[in-house]
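Colleague: Next comes work.txt, compact mmCIF, N, CA and C atoms:
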```txt
# COMPACT_ATOMS: atom_id res chain seq x y z
N MET A 272 97.47 97.38 98.07
CA MET A 272 98.90 97.57 98.09
C MET A 272 99.55 96.22 98.32
N VAL A 273 100.45 95.86 97.43
CA VAL A 273 101.17 94.60 97.54
C VAL A 273 102.66 94.92 97.48
N ASP A 274 103.37 94.56 98.54
CA ASP A 274 104.79 94.89 98.65
C ASP A 274 105.52 93.76 99.38
N ALA A 275 106.83 93.79 99.30
CA ALA A 275 107.74 92.96 100.10
C ALA A 275 107.38 91.47 100.06
N ASP A 276 107.16 90.88 101.24
CA ASP A 276 106.92 89.44 101.30
C ASP A 276 105.68 89.01 100.54
N ALA A 277 104.69 89.88 100.45
CA ALA A 277 103.50 89.53 99.67
C ALA A 277 103.88 89.32 98.20
N LEU A 278 104.79 90.11 97.68
CA LEU A 278 105.26 89.93 96.31
C LEU A 278 106.03 88.62 96.18
N ASN A 279 106.85 88.31 97.17
CA ASN A 279 107.61 87.06 97.13
C ASN A 279 106.68 85.85 97.18
N ILE A 280 105.63 85.92 97.99
CA ILE A 280 104.67 84.83 98.07
C ILE A 280 103.96 84.66 96.73
N LEU A 281 103.56 85.78 96.10
CA LEU A 281 102.91 85.70 94.80
C LEU A 281 103.83 85.11 93.74
N SER A 282 105.12 85.41 93.83
CA SER A 282 106.05 84.85 92.84
C SER A 282 106.20 83.34 93.02
N GLU A 283 106.02 82.86 94.24
CA GLU A 283 106.07 81.41 94.50
C GLU A 283 104.75 80.73 94.15
N HIS A 284 103.67 81.49 94.10
CA HIS A 284 102.34 80.96 93.79
C HIS A 284 101.66 81.87 92.76
N PRO A 285 102.16 81.88 91.51
CA PRO A 285 101.61 82.80 90.51
C PRO A 285 100.12 82.59 90.24
N GLU A 286 99.61 81.41 90.54
CA GLU A 286 98.17 81.18 90.35
C GLU A 286 97.34 82.06 91.29
N TRP A 287 97.93 82.59 92.33
CA TRP A 287 97.21 83.46 93.27
C TRP A 287 97.07 84.89 92.74
N LEU A 288 97.80 85.23 91.68
CA LEU A 288 97.70 86.58 91.13
C LEU A 288 96.26 86.93 90.75
N GLU A 289 95.52 85.94 90.27
CA GLU A 289 94.13 86.21 89.89
C GLU A 289 93.24 86.50 91.10
N LEU A 290 93.72 86.22 92.30
CA LEU A 290 92.96 86.51 93.52
C LEU A 290 93.19 87.94 94.03
N VAL A 291 94.23 88.58 93.52
CA VAL A 291 94.55 89.95 93.93
C VAL A 291 93.54 90.89 93.26
N PRO A 292 92.89 91.76 94.00
CA PRO A 292 91.86 92.63 93.41
C PRO A 292 92.40 93.51 92.28
N LYS A 293 91.55 93.77 91.30
CA LYS A 293 91.90 94.70 90.22
C LYS A 293 92.21 96.05 90.83
N ASN A 294 93.05 96.80 90.17
CA ASN A 294 93.50 98.13 90.61
C ASN A 294 94.37 98.09 91.84
N SER A 295 94.88 96.92 92.18
CA SER A 295 95.87 96.86 93.26
C SER A 295 97.16 97.47 92.78
N ILE A 296 97.93 98.00 93.71
CA ILE A 296 99.22 98.61 93.40
C ILE A 296 100.30 97.68 93.90
N LEU A 297 101.17 97.25 93.00
CA LEU A 297 102.32 96.42 93.36
C LEU A 297 103.55 97.30 93.32
N THR A 298 104.42 97.19 94.33
CA THR A 298 105.60 98.06 94.41
C THR A 298 106.89 97.25 94.54
N PRO A 299 107.25 96.49 93.51
CA PRO A 299 108.47 95.68 93.61
C PRO A 299 109.74 96.49 93.35
N HIS A 300 110.81 96.10 94.02
CA HIS A 300 112.13 96.55 93.59
C HIS A 300 112.58 95.57 92.51
N PRO A 301 113.66 95.82 91.80
CA PRO A 301 114.02 94.98 90.65
C PRO A 301 114.12 93.48 90.95
N ARG A 302 114.66 93.10 92.10
CA ARG A 302 114.79 91.67 92.41
C ARG A 302 113.41 91.03 92.61
N GLU A 303 112.50 91.74 93.29
CA GLU A 303 111.14 91.22 93.47
C GLU A 303 110.42 91.12 92.14
N LEU A 304 110.64 92.11 91.27
CA LEU A 304 110.03 92.09 89.95
C LEU A 304 110.52 90.89 89.15
N GLU A 305 111.83 90.62 89.23
CA GLU A 305 112.40 89.48 88.51
C GLU A 305 111.75 88.17 88.96
N ARG A 306 111.46 88.05 90.24
CA ARG A 306 110.79 86.85 90.73
C ARG A 306 109.39 86.73 90.16
N LEU A 307 108.75 87.86 89.89
CA LEU A 307 107.38 87.85 89.36
C LEU A 307 107.31 87.58 87.85
N ILE A 308 108.20 88.23 87.10
CA ILE A 308 108.09 88.17 85.63
C ILE A 308 109.22 87.40 84.95
N GLY A 309 110.23 86.98 85.70
CA GLY A 309 111.38 86.31 85.11
C GLY A 309 112.46 87.32 84.72
N THR A 310 113.53 86.82 84.17
CA THR A 310 114.65 87.70 83.79
C THR A 310 114.32 88.46 82.52
N TRP A 311 115.10 89.48 82.25
CA TRP A 311 114.94 90.27 81.04
C TRP A 311 116.33 90.61 80.52
N LYS A 312 116.40 90.85 79.21
CA LYS A 312 117.71 91.14 78.60
C LYS A 312 118.03 92.63 78.60
N ASP A 313 116.99 93.48 78.64
CA ASP A 313 117.20 94.93 78.67
C ASP A 313 115.96 95.60 79.26
N ASP A 314 116.04 96.90 79.44
CA ASP A 314 114.92 97.62 80.05
C ASP A 314 113.64 97.57 79.21
N PHE A 315 113.79 97.51 77.89
CA PHE A 315 112.62 97.42 77.03
C PHE A 315 111.84 96.14 77.30
N GLU A 316 112.57 95.03 77.43
CA GLU A 316 111.91 93.75 77.72
C GLU A 316 111.31 93.75 79.13
N LYS A 317 112.02 94.36 80.08
CA LYS A 317 111.48 94.46 81.44
C LYS A 317 110.16 95.22 81.44
N ILE A 318 110.12 96.34 80.74
CA ILE A 318 108.91 97.14 80.68
C ILE A 318 107.79 96.37 79.99
N GLU A 319 108.09 95.69 78.90
CA GLU A 319 107.06 94.95 78.17
C GLU A 319 106.49 93.81 79.01
N LYS A 320 107.35 93.07 79.68
CA LYS A 320 106.87 91.98 80.54
C LYS A 320 106.02 92.53 81.69
N THR A 321 106.43 93.65 82.24
CA THR A 321 105.67 94.26 83.33
C THR A 321 104.33 94.78 82.83
N ARG A 322 104.32 95.37 81.64
CA ARG A 322 103.06 95.85 81.06
C ARG A 322 102.09 94.70 80.83
N GLN A 323 102.60 93.58 80.38
CA GLN A 323 101.75 92.42 80.16
C GLN A 323 101.12 91.96 81.48
N LEU A 324 101.91 91.92 82.54
CA LEU A 324 101.40 91.53 83.85
C LEU A 324 100.35 92.53 84.33
N ALA A 325 100.66 93.82 84.21
CA ALA A 325 99.74 94.87 84.65
C ALA A 325 98.43 94.81 83.88
N GLN A 326 98.51 94.61 82.57
CA GLN A 326 97.30 94.56 81.76
C GLN A 326 96.48 93.31 82.04
N LYS A 327 97.14 92.18 82.18
CA LYS A 327 96.43 90.91 82.39
C LYS A 327 95.59 90.96 83.66
N TYR A 328 96.15 91.52 84.73
CA TYR A 328 95.47 91.52 86.02
C TYR A 328 94.89 92.89 86.41
N GLN A 329 95.06 93.87 85.54
CA GLN A 329 94.59 95.24 85.78
C GLN A 329 95.19 95.81 87.07
N PHE A 330 96.51 95.70 87.17
CA PHE A 330 97.27 96.24 88.29
C PHE A 330 97.92 97.55 87.89
N VAL A 331 98.30 98.34 88.88
CA VAL A 331 99.24 99.44 88.71
C VAL A 331 100.53 98.94 89.34
N ILE A 332 101.61 98.96 88.58
CA ILE A 332 102.89 98.45 89.08
C ILE A 332 103.89 99.58 89.14
N LEU A 333 104.40 99.83 90.32
CA LEU A 333 105.40 100.86 90.56
C LEU A 333 106.71 100.14 90.83
N ILE A 334 107.64 100.23 89.88
CA ILE A 334 108.94 99.57 90.02
C ILE A 334 109.89 100.55 90.69
N LYS A 335 110.33 100.19 91.89
CA LYS A 335 111.24 101.05 92.64
C LYS A 335 112.65 100.93 92.07
N GLY A 336 113.37 102.02 92.05
CA GLY A 336 114.74 102.03 91.57
C GLY A 336 115.22 103.46 91.37
N ALA A 337 116.40 103.61 90.82
CA ALA A 337 116.93 104.94 90.56
C ALA A 337 115.96 105.73 89.69
N TYR A 338 115.38 105.06 88.70
CA TYR A 338 114.30 105.62 87.90
C TYR A 338 113.05 104.82 88.22
N THR A 339 112.13 105.42 88.91
CA THR A 339 110.89 104.75 89.27
C THR A 339 110.00 104.69 88.05
N LEU A 340 109.47 103.50 87.77
CA LEU A 340 108.54 103.32 86.66
C LEU A 340 107.17 103.03 87.23
N ILE A 341 106.15 103.67 86.70
CA ILE A 341 104.78 103.38 87.04
C ILE A 341 104.11 102.88 85.78
N ILE A 342 103.61 101.66 85.84
CA ILE A 342 103.02 101.02 84.67
C ILE A 342 101.55 100.73 84.98
N GLU A 343 100.69 101.26 84.12
CA GLU A 343 99.25 101.12 84.29
C GLU A 343 98.66 100.94 82.90
N GLY A 344 98.06 99.78 82.67
CA GLY A 344 97.52 99.49 81.34
C GLY A 344 98.63 99.56 80.30
N LYS A 345 98.40 100.34 79.27
CA LYS A 345 99.41 100.50 78.23
C LYS A 345 100.35 101.66 78.52
N ASN A 346 100.10 102.38 79.60
CA ASN A 346 100.88 103.57 79.93
C ASN A 346 102.08 103.24 80.80
N VAL A 347 103.20 103.88 80.48
CA VAL A 347 104.42 103.75 81.26
C VAL A 347 104.91 105.16 81.58
N TYR A 348 105.09 105.44 82.85
CA TYR A 348 105.56 106.75 83.31
C TYR A 348 106.89 106.56 84.01
N VAL A 349 107.80 107.51 83.81
CA VAL A 349 109.14 107.45 84.40
C VAL A 349 109.35 108.66 85.30
N ASN A 350 109.78 108.39 86.52
CA ASN A 350 110.20 109.46 87.42
C ASN A 350 111.71 109.33 87.55
N SER A 351 112.42 110.28 86.99
CA SER A 351 113.89 110.23 86.99
C SER A 351 114.50 111.10 88.09
N SER A 352 113.69 111.54 89.04
CA SER A 352 114.20 112.46 90.07
C SER A 352 114.78 111.76 91.29
N GLY A 353 114.76 110.43 91.33
CA GLY A 353 115.28 109.70 92.49
C GLY A 353 116.79 109.75 92.58
N ASN A 354 117.28 109.33 93.73
CA ASN A 354 118.73 109.23 93.93
C ASN A 354 119.03 108.15 94.95
N GLN A 355 120.30 107.91 95.23
CA GLN A 355 120.74 106.84 96.12
C GLN A 355 120.26 107.01 97.55
N ALA A 356 119.89 108.21 97.96
CA ALA A 356 119.45 108.44 99.33
C ALA A 356 118.21 107.62 99.66
N LEU A 357 117.41 107.29 98.64
CA LEU A 357 116.21 106.50 98.87
C LEU A 357 116.49 105.01 98.97
N ALA A 358 117.70 104.59 98.64
CA ALA A 358 118.06 103.17 98.71
C ALA A 358 118.50 102.82 100.13
N THR A 359 117.61 103.05 101.06
CA THR A 359 117.91 102.76 102.46
C THR A 359 116.71 102.07 103.09
N GLY A 360 116.97 101.26 104.07
CA GLY A 360 115.90 100.52 104.73
C GLY A 360 114.80 101.42 105.22
N GLY A 361 113.56 101.05 104.95
CA GLY A 361 112.41 101.79 105.42
C GLY A 361 111.81 102.75 104.42
N SER A 362 112.57 103.17 103.40
CA SER A 362 112.01 104.15 102.46
C SER A 362 110.87 103.53 101.65
N GLY A 363 110.96 102.25 101.34
CA GLY A 363 109.87 101.58 100.63
C GLY A 363 108.63 101.47 101.50
N ASP A 364 108.84 101.29 102.81
CA ASP A 364 107.70 101.24 103.73
C ASP A 364 106.99 102.59 103.79
N VAL A 365 107.76 103.67 103.78
CA VAL A 365 107.17 105.01 103.77
C VAL A 365 106.37 105.21 102.48
N LEU A 366 106.95 104.81 101.36
CA LEU A 366 106.26 104.91 100.07
C LEU A 366 104.94 104.14 100.12
N SER A 367 104.98 102.92 100.59
CA SER A 367 103.75 102.11 100.67
C SER A 367 102.72 102.76 101.57
N GLY A 368 103.15 103.32 102.68
CA GLY A 368 102.23 104.00 103.59
C GLY A 368 101.59 105.21 102.95
N MET A 369 102.38 105.99 102.22
CA MET A 369 101.82 107.18 101.56
C MET A 369 100.81 106.79 100.49
N ILE A 370 101.15 105.82 99.68
CA ILE A 370 100.23 105.38 98.63
C ILE A 370 98.95 104.83 99.24
N THR A 371 99.09 104.01 100.28
CA THR A 371 97.92 103.45 100.94
C THR A 371 97.03 104.54 101.53
N SER A 372 97.65 105.58 102.08
CA SER A 372 96.85 106.67 102.65
C SER A 372 96.06 107.40 101.56
N PHE A 373 96.65 107.57 100.39
CA PHE A 373 95.91 108.19 99.29
C PHE A 373 94.76 107.31 98.83
N ARG A 374 94.99 106.01 98.76
CA ARG A 374 93.91 105.09 98.38
C ARG A 374 92.78 105.16 99.41
N ALA A 375 93.12 105.23 100.69
CA ALA A 375 92.11 105.29 101.75
C ALA A 375 91.30 106.58 101.66
N GLN A 376 91.90 107.62 101.08
CA GLN A 376 91.17 108.89 100.91
C GLN A 376 90.32 108.90 99.65
N GLY A 377 90.37 107.80 98.88
CA GLY A 377 89.50 107.69 97.72
C GLY A 377 90.16 107.95 96.38
N TYR A 378 91.46 108.19 96.37
CA TYR A 378 92.15 108.40 95.09
C TYR A 378 92.22 107.09 94.32
N SER A 379 92.19 107.18 93.00
CA SER A 379 92.35 105.98 92.17
C SER A 379 93.74 105.41 92.38
N ALA A 380 93.92 104.18 91.96
CA ALA A 380 95.22 103.52 92.14
C ALA A 380 96.33 104.29 91.44
N VAL A 381 96.10 104.70 90.20
CA VAL A 381 97.15 105.40 89.47
C VAL A 381 97.40 106.78 90.05
N ASP A 382 96.36 107.49 90.50
CA ASP A 382 96.56 108.79 91.14
C ASP A 382 97.34 108.64 92.43
N ALA A 383 97.03 107.61 93.21
CA ALA A 383 97.74 107.38 94.46
C ALA A 383 99.22 107.08 94.20
N ALA A 384 99.50 106.27 93.18
CA ALA A 384 100.89 105.94 92.86
C ALA A 384 101.67 107.16 92.41
N PHE A 385 100.98 108.09 91.77
CA PHE A 385 101.62 109.31 91.29
C PHE A 385 101.70 110.41 92.32
N PHE A 386 100.95 110.27 93.43
CA PHE A 386 100.77 111.38 94.34
C PHE A 386 100.25 112.56 93.52
N ARG A 387 99.38 112.28 92.57
CA ARG A 387 98.94 113.23 91.56
C ARG A 387 98.45 114.55 92.15
N ARG A 388 97.82 114.50 93.31
CA ARG A 388 97.29 115.73 93.88
C ARG A 388 98.38 116.56 94.55
N LEU A 389 99.52 115.95 94.83
CA LEU A 389 100.61 116.70 95.44
C LEU A 389 101.55 117.29 94.40
N PHE A 390 101.75 116.57 93.32
CA PHE A 390 102.71 116.97 92.30
C PHE A 390 102.00 117.11 90.98
N SER A 391 102.16 118.22 90.31
CA SER A 391 101.52 118.38 89.02
C SER A 391 102.36 117.70 87.95
N ARG A 392 101.67 117.24 86.91
CA ARG A 392 102.33 116.64 85.75
C ARG A 392 101.90 117.41 84.53
N THR A 393 102.75 117.53 83.57
CA THR A 393 102.42 118.31 82.39
C THR A 393 101.39 117.60 81.51
N ASN A 394 101.29 116.27 81.59
CA ASN A 394 100.36 115.56 80.72
C ASN A 394 99.17 115.00 81.50
N SER A 395 98.78 115.61 82.63
CA SER A 395 97.65 115.07 83.40
C SER A 395 96.33 115.64 82.92
```
Let me see the structure of the file written as structure tokens.

Modeller:
Amino acid sequence: MVDADALNILSEHPEWLELVPKNSILTPHPRELERLIGTWKDDFEKIEKTRQLAQKYQFVILIKGAYTLIIEGKNVYVNSSGNQALATGGSGDVLSGMITSFRAQGYSAVDAAFFRRLFSRTNS
């Protein structure tokens, strides 16, 4: 799990990305993501740049926002059920804790990011 200041440190030292273990989960909000991949002109470019990063290092990247994006390999998943109530201090920490607990229980990175065992998906 890579979040918050760890993401900021990686953006200052991109050569360290190769030291992050494969299947790590990165959970940037849009500003942290921008520091990692640079600016983008639209959401399509943001997704493509993030996919390239995820594929290059074999990461699962969960972009926090009104619409949460989970990017794993060539796959992009959108959760549109979020709202402004989650844009409060500490909610990202809770998310990181939940994902980390699923990883500790042996779930794969992408399953942990999805909370796959808690919520069913139509295409799982």

Colleague: Pull the strand (DSSP E) assignments for chain A out of DSSP run on the backbone, and list those residues as an mmCIF file with N, CA and C atoms, keeping the file's coordinate frame.

Modeller:
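Output file result09.cif is given in full below:
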```cif
data_model
loop_
_atom_site.group_PDB
_atom_site.id
_atom_site.type_symbol
_atom_site.label_atom_id
_atom_site.label_comp_id
_atom_site.auth_asym_id
_atom_site.auth_seq_id
_atom_site.Cartn_x
_atom_site.Cartn_y
_atom_site.Cartn_z
ATOM 1 N N ILE A 296 97.930 98.000 93.710
ATOM 2 C CA ILE A 296 99.220 98.610 93.400
ATOM 3 C C ILE A 296 100.300 97.680 93.900
ATOM 4 N N LEU A 297 101.170 97.250 93.000
ATOM 5 C CA LEU A 297 102.320 96.420 93.360
ATOM 6 C C LEU A 297 103.550 97.300 93.320
ATOM 7 N N VAL A 331 98.300 98.340 88.880
ATOM 8 C CA VAL A 331 99.240 99.440 88.710
ATOM 9 C C VAL A 331 100.530 98.940 89.340
ATOM 10 N N ILE A 332 101.610 98.960 88.580
ATOM 11 C CA ILE A 332 102.890 98.450 89.080
ATOM 12 C C ILE A 332 103.890 99.580 89.140
ATOM 13 N N LEU A 333 104.400 99.830 90.320
ATOM 14 C CA LEU A 333 105.400 100.860 90.560
ATOM 15 C C LEU A 333 106.710 100.140 90.830
ATOM 16 N N ILE A 334 107.640 100.230 89.880
ATOM 17 C CA ILE A 334 108.940 99.570 90.020
ATOM 18 C C ILE A 334 109.890 100.550 90.690
ATOM 19 N N THR A 339 112.130 105.420 88.910
ATOM 20 C CA THR A 339 110.890 104.750 89.270
ATOM 21 C C THR A 339 110.000 104.690 88.050
ATOM 22 N N LEU A 340 109.470 103.500 87.770
ATOM 23 C CA LEU A 340 108.540 103.320 86.660
ATOM 24 C C LEU A 340 107.170 103.030 87.230
ATOM 25 N N ILE A 341 106.150 103.670 86.700
ATOM 26 C CA ILE A 341 104.780 103.380 87.040
ATOM 27 C C ILE A 341 104.110 102.880 85.780
ATOM 28 N N ILE A 342 103.610 101.660 85.840
ATOM 29 C CA ILE A 342 103.020 101.020 84.670
ATOM 30 C C ILE A 342 101.550 100.730 84.980
ATOM 31 N N GLU A 343 100.690 101.260 84.120
ATOM 32 C CA GLU A 343 99.250 101.120 84.290
ATOM 33 C C GLU A 343 98.660 100.940 82.900
ATOM 34 N N ASN A 346 100.100 102.380 79.600
ATOM 35 C CA ASN A 346 100.880 103.570 79.930
ATOM 36 C C ASN A 346 102.080 103.240 80.800
ATOM 37 N N VAL A 347 103.200 103.880 80.480
ATOM 38 C CA VAL A 347 104.420 103.750 81.260
ATOM 39 C C VAL A 347 104.910 105.160 81.580
ATOM 40 N N TYR A 348 105.090 105.440 82.850
ATOM 41 C CA TYR A 348 105.560 106.750 83.310
ATOM 42 C C TYR A 348 106.890 106.560 84.010
ATOM 43 N N VAL A 349 107.800 107.510 83.810
ATOM 44 C CA VAL A 349 109.140 107.450 84.400
ATOM 45 C C VAL A 349 109.350 108.660 85.300
ATOM 46 N N ASN A 350 109.780 108.390 86.520
ATOM 47 C CA ASN A 350 110.200 109.460 87.420
ATOM 48 C C ASN A 350 111.710 109.330 87.550
#
```

Colleague: Find the distance between atom N of A:Glu343 and atom C of A:Ile296 and write it in Å to one decimal.

Modeller: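 Between atom N of A:Glu343 and atom C of A:Ile296 the gap is 10.4 Å.
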
Colleague: Please measure the separation of atom CA of A:Ile308 and atom CA of A:Tyr328, giving the value in Å to one decimal.

Modeller: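 A separation of 13.1 Å between them.
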
Colleague: List every residue of chain A that DSSP, applied to the backbone of this structure, assigns to helix (DSSP H, G or I), and report them as number ranges by chain.

Modeller: A: 276-283, 285-290, 301-308, 314-328, 355-357, 362-375, 380-385

Colleague: When you look at A:Ile334 with a cut-off of 6 Å (counting only C-alpha atoms), what residues show up, excluding the ones that are within fewer than 5 positions of it in the same chain? I need them as a list in words.

Modeller: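 So the residues in contact are Thr298, Pro299, His300, Thr339 and Leu340 of chain A.
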
Colleague: Take stretch 288-298 of chain A, model all heavy atoms, and hand the result over as a PDB file, in the coordinates of the input.

Modeller:
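This is the output file rebuild.pdb:
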```
ATOM      1  N   LEU A 288      97.800  85.230  91.680  1.00  0.00           N
ATOM      2  CA  LEU A 288      97.700  86.580  91.130  1.00  0.00           C
ATOM      3  C   LEU A 288      96.260  86.930  90.750  1.00  0.00           C
ATOM      4  O   LEU A 288      95.830  88.062  90.912  1.00  0.00           O
ATOM      5  CB  LEU A 288      98.612  86.752  89.913  1.00  0.00           C
ATOM      6  CG  LEU A 288     100.092  86.894  90.219  1.00  0.00           C
ATOM      7  CD1 LEU A 288     100.917  86.700  88.953  1.00  0.00           C
ATOM      8  CD2 LEU A 288     100.373  88.252  90.844  1.00  0.00           C
ATOM      9  N   GLU A 289      95.520  85.940  90.270  1.00  0.00           N
ATOM     10  CA  GLU A 289      94.130  86.210  89.890  1.00  0.00           C
ATOM     11  C   GLU A 289      93.240  86.500  91.100  1.00  0.00           C
ATOM     12  O   GLU A 289      92.133  87.019  90.943  1.00  0.00           O
ATOM     13  CB  GLU A 289      93.567  85.051  89.079  1.00  0.00           C
ATOM     14  CG  GLU A 289      93.484  83.748  89.847  1.00  0.00           C
ATOM     15  CD  GLU A 289      93.131  82.563  88.965  1.00  0.00           C
ATOM     16  OE1 GLU A 289      93.549  82.531  87.798  1.00  0.00           O
ATOM     17  OE2 GLU A 289      92.428  81.683  89.463  1.00  0.00           O
ATOM     18  N   LEU A 290      93.720  86.220  92.300  1.00  0.00           N
ATOM     19  CA  LEU A 290      92.960  86.510  93.520  1.00  0.00           C
ATOM     20  C   LEU A 290      93.190  87.940  94.030  1.00  0.00           C
ATOM     21  O   LEU A 290      92.444  88.421  94.876  1.00  0.00           O
ATOM     22  CB  LEU A 290      93.319  85.508  94.622  1.00  0.00           C
ATOM     23  CG  LEU A 290      93.085  84.031  94.293  1.00  0.00           C
ATOM     24  CD1 LEU A 290      93.614  83.150  95.413  1.00  0.00           C
ATOM     25  CD2 LEU A 290      91.617  83.763  94.023  1.00  0.00           C
ATOM     26  N   VAL A 291      94.230  88.580  93.520  1.00  0.00           N
ATOM     27  CA  VAL A 291      94.550  89.950  93.930  1.00  0.00           C
ATOM     28  C   VAL A 291      93.540  90.890  93.260  1.00  0.00           C
ATOM     29  O   VAL A 291      93.344  90.807  92.038  1.00  0.00           O
ATOM     30  CB  VAL A 291      95.997  90.328  93.554  1.00  0.00           C
ATOM     31  CG1 VAL A 291      96.305  91.768  93.930  1.00  0.00           C
ATOM     32  CG2 VAL A 291      96.988  89.367  94.216  1.00  0.00           C
ATOM     33  N   PRO A 292      92.890  91.760  94.000  1.00  0.00           N
ATOM     34  CA  PRO A 292      91.860  92.630  93.410  1.00  0.00           C
ATOM     35  C   PRO A 292      92.400  93.510  92.280  1.00  0.00           C
ATOM     36  O   PRO A 292      93.554  93.959  92.320  1.00  0.00           O
ATOM     37  CB  PRO A 292      91.409  93.503  94.589  1.00  0.00           C
ATOM     38  CG  PRO A 292      91.774  92.733  95.805  1.00  0.00           C
ATOM     39  CD  PRO A 292      93.019  91.963  95.448  1.00  0.00           C
ATOM     40  N   LYS A 293      91.550  93.770  91.300  1.00  0.00           N
ATOM     41  CA  LYS A 293      91.900  94.700  90.220  1.00  0.00           C
ATOM     42  C   LYS A 293      92.210  96.050  90.830  1.00  0.00           C
ATOM     43  O   LYS A 293      91.683  96.416  91.883  1.00  0.00           O
ATOM     44  CB  LYS A 293      90.737  94.832  89.238  1.00  0.00           C
ATOM     45  CG  LYS A 293      90.474  93.584  88.459  1.00  0.00           C
ATOM     46  CD  LYS A 293      89.276  93.751  87.552  1.00  0.00           C
ATOM     47  CE  LYS A 293      89.010  92.456  86.819  1.00  0.00           C
ATOM     48  NZ  LYS A 293      87.797  92.517  86.024  1.00  0.00           N
ATOM     49  N   ASN A 294      93.050  96.800  90.170  1.00  0.00           N
ATOM     50  CA  ASN A 294      93.500  98.130  90.610  1.00  0.00           C
ATOM     51  C   ASN A 294      94.370  98.090  91.840  1.00  0.00           C
ATOM     52  O   ASN A 294      94.574  99.119  92.485  1.00  0.00           O
ATOM     53  CB  ASN A 294      92.312  99.086  90.819  1.00  0.00           C
ATOM     54  CG  ASN A 294      91.590  99.356  89.527  1.00  0.00           C
ATOM     55  OD1 ASN A 294      92.219  99.663  88.519  1.00  0.00           O
ATOM     56  ND2 ASN A 294      90.285  99.218  89.531  1.00  0.00           N
ATOM     57  N   SER A 295      94.880  96.920  92.180  1.00  0.00           N
ATOM     58  CA  SER A 295      95.870  96.860  93.260  1.00  0.00           C
ATOM     59  C   SER A 295      97.160  97.470  92.780  1.00  0.00           C
ATOM     60  O   SER A 295      97.468  97.476  91.579  1.00  0.00           O
ATOM     61  CB  SER A 295      96.121  95.403  93.681  1.00  0.00           C
ATOM     62  OG  SER A 295      95.001  94.881  94.358  1.00  0.00           O
ATOM     63  N   ILE A 296      97.930  98.000  93.710  1.00  0.00           N
ATOM     64  CA  ILE A 296      99.220  98.610  93.400  1.00  0.00           C
ATOM     65  C   ILE A 296     100.300  97.680  93.900  1.00  0.00           C
ATOM     66  O   ILE A 296     100.352  97.349  95.089  1.00  0.00           O
ATOM     67  CB  ILE A 296      99.351  99.989  94.061  1.00  0.00           C
ATOM     68  CG1 ILE A 296      98.207 100.903  93.618  1.00  0.00           C
ATOM     69  CG2 ILE A 296     100.712 100.612  93.730  1.00  0.00           C
ATOM     70  CD1 ILE A 296      98.100 102.178  94.420  1.00  0.00           C
ATOM     71  N   LEU A 297     101.170  97.250  93.000  1.00  0.00           N
ATOM     72  CA  LEU A 297     102.320  96.420  93.360  1.00  0.00           C
ATOM     73  C   LEU A 297     103.550  97.300  93.320  1.00  0.00           C
ATOM     74  O   LEU A 297     103.713  98.095  92.383  1.00  0.00           O
ATOM     75  CB  LEU A 297     102.489  95.266  92.370  1.00  0.00           C
ATOM     76  CG  LEU A 297     101.541  94.071  92.497  1.00  0.00           C
ATOM     77  CD1 LEU A 297     100.095  94.450  92.261  1.00  0.00           C
ATOM     78  CD2 LEU A 297     101.964  92.968  91.539  1.00  0.00           C
ATOM     79  N   THR A 298     104.420  97.190  94.330  1.00  0.00           N
ATOM     80  CA  THR A 298     105.600  98.060  94.410  1.00  0.00           C
ATOM     81  C   THR A 298     106.890  97.250  94.540  1.00  0.00           C
ATOM     82  O   THR A 298     107.585  97.322  95.550  1.00  0.00           O
ATOM     83  CB  THR A 298     105.467  99.046  95.589  1.00  0.00           C
ATOM     84  OG1 THR A 298     105.320  98.297  96.795  1.00  0.00           O
ATOM     85  CG2 THR A 298     104.297  99.988  95.408  1.00  0.00           C
TER      86      THR A 298
END
```
